[in-house]
Amino acid sequence: MTAVPTSSAATMTADAARKPPVRFHPLRRLRIERWTMTHAIAAAIMGCLAVLATFDAWQDIYELAWHETTITSPDGDPGGEYSHIFLVPLVAVWMVFARRLRIRHCKPIGTLLGVVIAAVGWAVHMYGYYHGYQTLWHGGAVLVLLGCVLAVLGKAALFRFFPAVAVLAFLIPVPPYYRMKIAQPLQTWTAEVSQTILELLGAKVTRLGDNLNVNGHAVMIVEACNGMRMVFSLFLVSYAFSFGLPLRNTVRFIVLLASPITAIICNVIRIVPNAYAYGYVSRDVGDLLHRYLGWLMLPVSFLILLGVIKLLRWAMVPVMKFSLAA
């Protein structure tokens, strides 16, 4: 072995002494080239702080959704106009999970965009609060939450996971005026289609406006089953279905545009046996069907969407972005 000269060893010791000591930087893990668990924890903390800063708006959103879901209407309908809000976080998580492989390509850059979105959201939130615009008050709170999360994760979270971000808009309760604008035509179409099907089944049906009379018994369920109480929930199911699969964008838009039709079909499936039971069996059986058939419409809508995809494939219409080898 060759010994290191004494002069060389002394030089190495002097160089080591001149080097500054390695210090731990608390934000070092936030400056690397991809997301880490530290980013996830920091984003969760920022999201919690955003909710605390706009807590009154989030509490109002929760009370609207929970009150409308738990309060039973006079006709026995347990559903609510805003019950779909509880589905939004589940759909958003599913959208992220379906795109989880993109995480490896995401860098924590462009965080200034999150700061801008949070500032705009705070301005909208305060404007809605002081001027009495409930939608702006709620929508601003959602923007503040989004901006705080993007301030940690960067712009990649917005562009690479845009479907998960866009679905957050359904956290904002729709004002009653616009709900009625959507509900009224759905209610009329549902009553007309239900009357036609019941007449084909041999039932004695008359319709006065949007109310049905089956075999001399008034059936006051069309208003409760007008489709508005399920149209947003079914739209969320369609949204999760279309953006959770590698479908072509044209097929995705077809699925989303068909959501009102799906809502009418599901409502007719729900109303026809209810109305028949009210008119020819007993009111107790009708109430029982009316109470529990509504919960089955979400899986029924999912099966309808699967049928649409099967029909498109049968018609040799390209459905998926990537064709699998036979």
# chains A, B, ... in the order shown; residues from 1 in each chain; ligands from 1

$ residues_around --residues "A:Val91" --least-positions-apart "2" --cutoff "12 Å" --atoms "only C-alpha atoms" --output "ChimeraX atom specification"
/A:84-89,93-98,163-171,233-244

$ closest_residue --among "A:Val149, A:Ile254, A:Asn267, A:Leu296" --to "A:Thr188" --atoms "only C-alpha atoms"
A:Asn267

$ closest_residue --among "A:Leu49, A:Val142, A:Leu136, A:Ile269" --to "A:Gly294" --atoms "only C-alpha atoms"
A:Ile269

$ atom_distance --atom1 "atom CA of A:Asn274" --atom2 "atom CA of A:Asp287"
7.6 Å

$ residues_around --residues "stretch 151-158 of chain A" --least-positions-apart "3" --cutoff "8 Å" --atoms "only C-alpha atoms" --output "PyMOL selection string"
chain A and resi 35+39-40+42-43+46+106-115+147-148+161-162+165

$ write_last_selection --atoms "C-alpha atoms" --output "CSV table (one decimal), in the first residue's frame"
chain,number,residue,atom,x,y,z
A,35,TRP,CA,-44.4,15.3,-4.8
A,39,HIS,CA,-46.4,17.8,0.2
A,40,ALA,CA,-49.5,15.7,0.9
A,42,ALA,CA,-48.7,20.3,3.9
A,43,ALA,CA,-51.6,20.4,1.4
A,46,MET,CA,-53.4,24.2,4.2
A,106,CYS,CA,-46.0,16.1,-11.0
A,107,LYS,CA,-43.6,18.8,-9.8
A,108,PRO,CA,-44.3,21.3,-7.0
A,109,ILE,CA,-43.9,24.3,-9.3
A,110,GLY,CA,-46.2,27.2,-10.2
A,111,THR,CA,-47.4,27.5,-6.6
A,112,LEU,CA,-48.1,31.2,-7.2
A,113,LEU,CA,-51.2,30.2,-9.1
A,114,GLY,CA,-52.6,28.8,-5.9
A,115,VAL,CA,-52.0,32.0,-4.1
A,147,GLY,CA,-56.1,27.8,-3.9
A,148,CYS,CA,-54.5,26.9,-0.5
A,161,PHE,CA,-56.1,16.3,-12.2
A,162,PHE,CA,-58.6,18.8,-13.7
A,165,VAL,CA,-60.9,19.8,-9.5

$ atom_distance --atom1 "atom CA of A:Glu192" --atom2 "atom CA of A:Leu311"
26.5 Å

$ select_by_dssp --residues "stretch 126-292 of chain A" --states "strand (DSSP E or B)" --output "list in words"
Val205, Thr206, Arg207, Leu208, Asn211, Leu212, Asn213, Val214, His217, Ala218, Val219 and Leu247 of chain A

$ atom_distance --atom1 "atom CA of A:Ser259" --atom2 "atom CA of A:Leu212"
24.7 Å

$ closest_residue --among "A:Ala183, A:Tyr178, A:Ala118, A:Val319" --to "A:Thr54" --atoms "only C-alpha atoms"
A:Ala118

$ closest_residue --among "A:Val174, A:Leu146, A:Ile103, A:Val231" --to "A:Ala258" --atoms "only C-alpha atoms"
A:Val231

$ residues_around --residues "stretch 122-134 of chain A" --least-positions-apart "5" --cutoff "8 Å" --atoms "only C-alpha atoms" --output "PDB file with C-alpha atoms, in the first residue's frame"
ATOM      1  CA  GLY A 139     -68.224  29.460  -4.227  1.00  0.00           C
ATOM      2  CA  GLY A 140     -65.567  31.746  -2.762  1.00  0.00           C
ATOM      3  CA  ALA A 141     -65.014  29.304   0.099  1.00  0.00           C
ATOM      4  CA  LEU A 143     -61.958  28.631  -4.331  1.00  0.00           C
ATOM      5  CA  VAL A 144     -60.061  29.466  -1.126  1.00  0.00           C
TER       6      VAL A 144
END
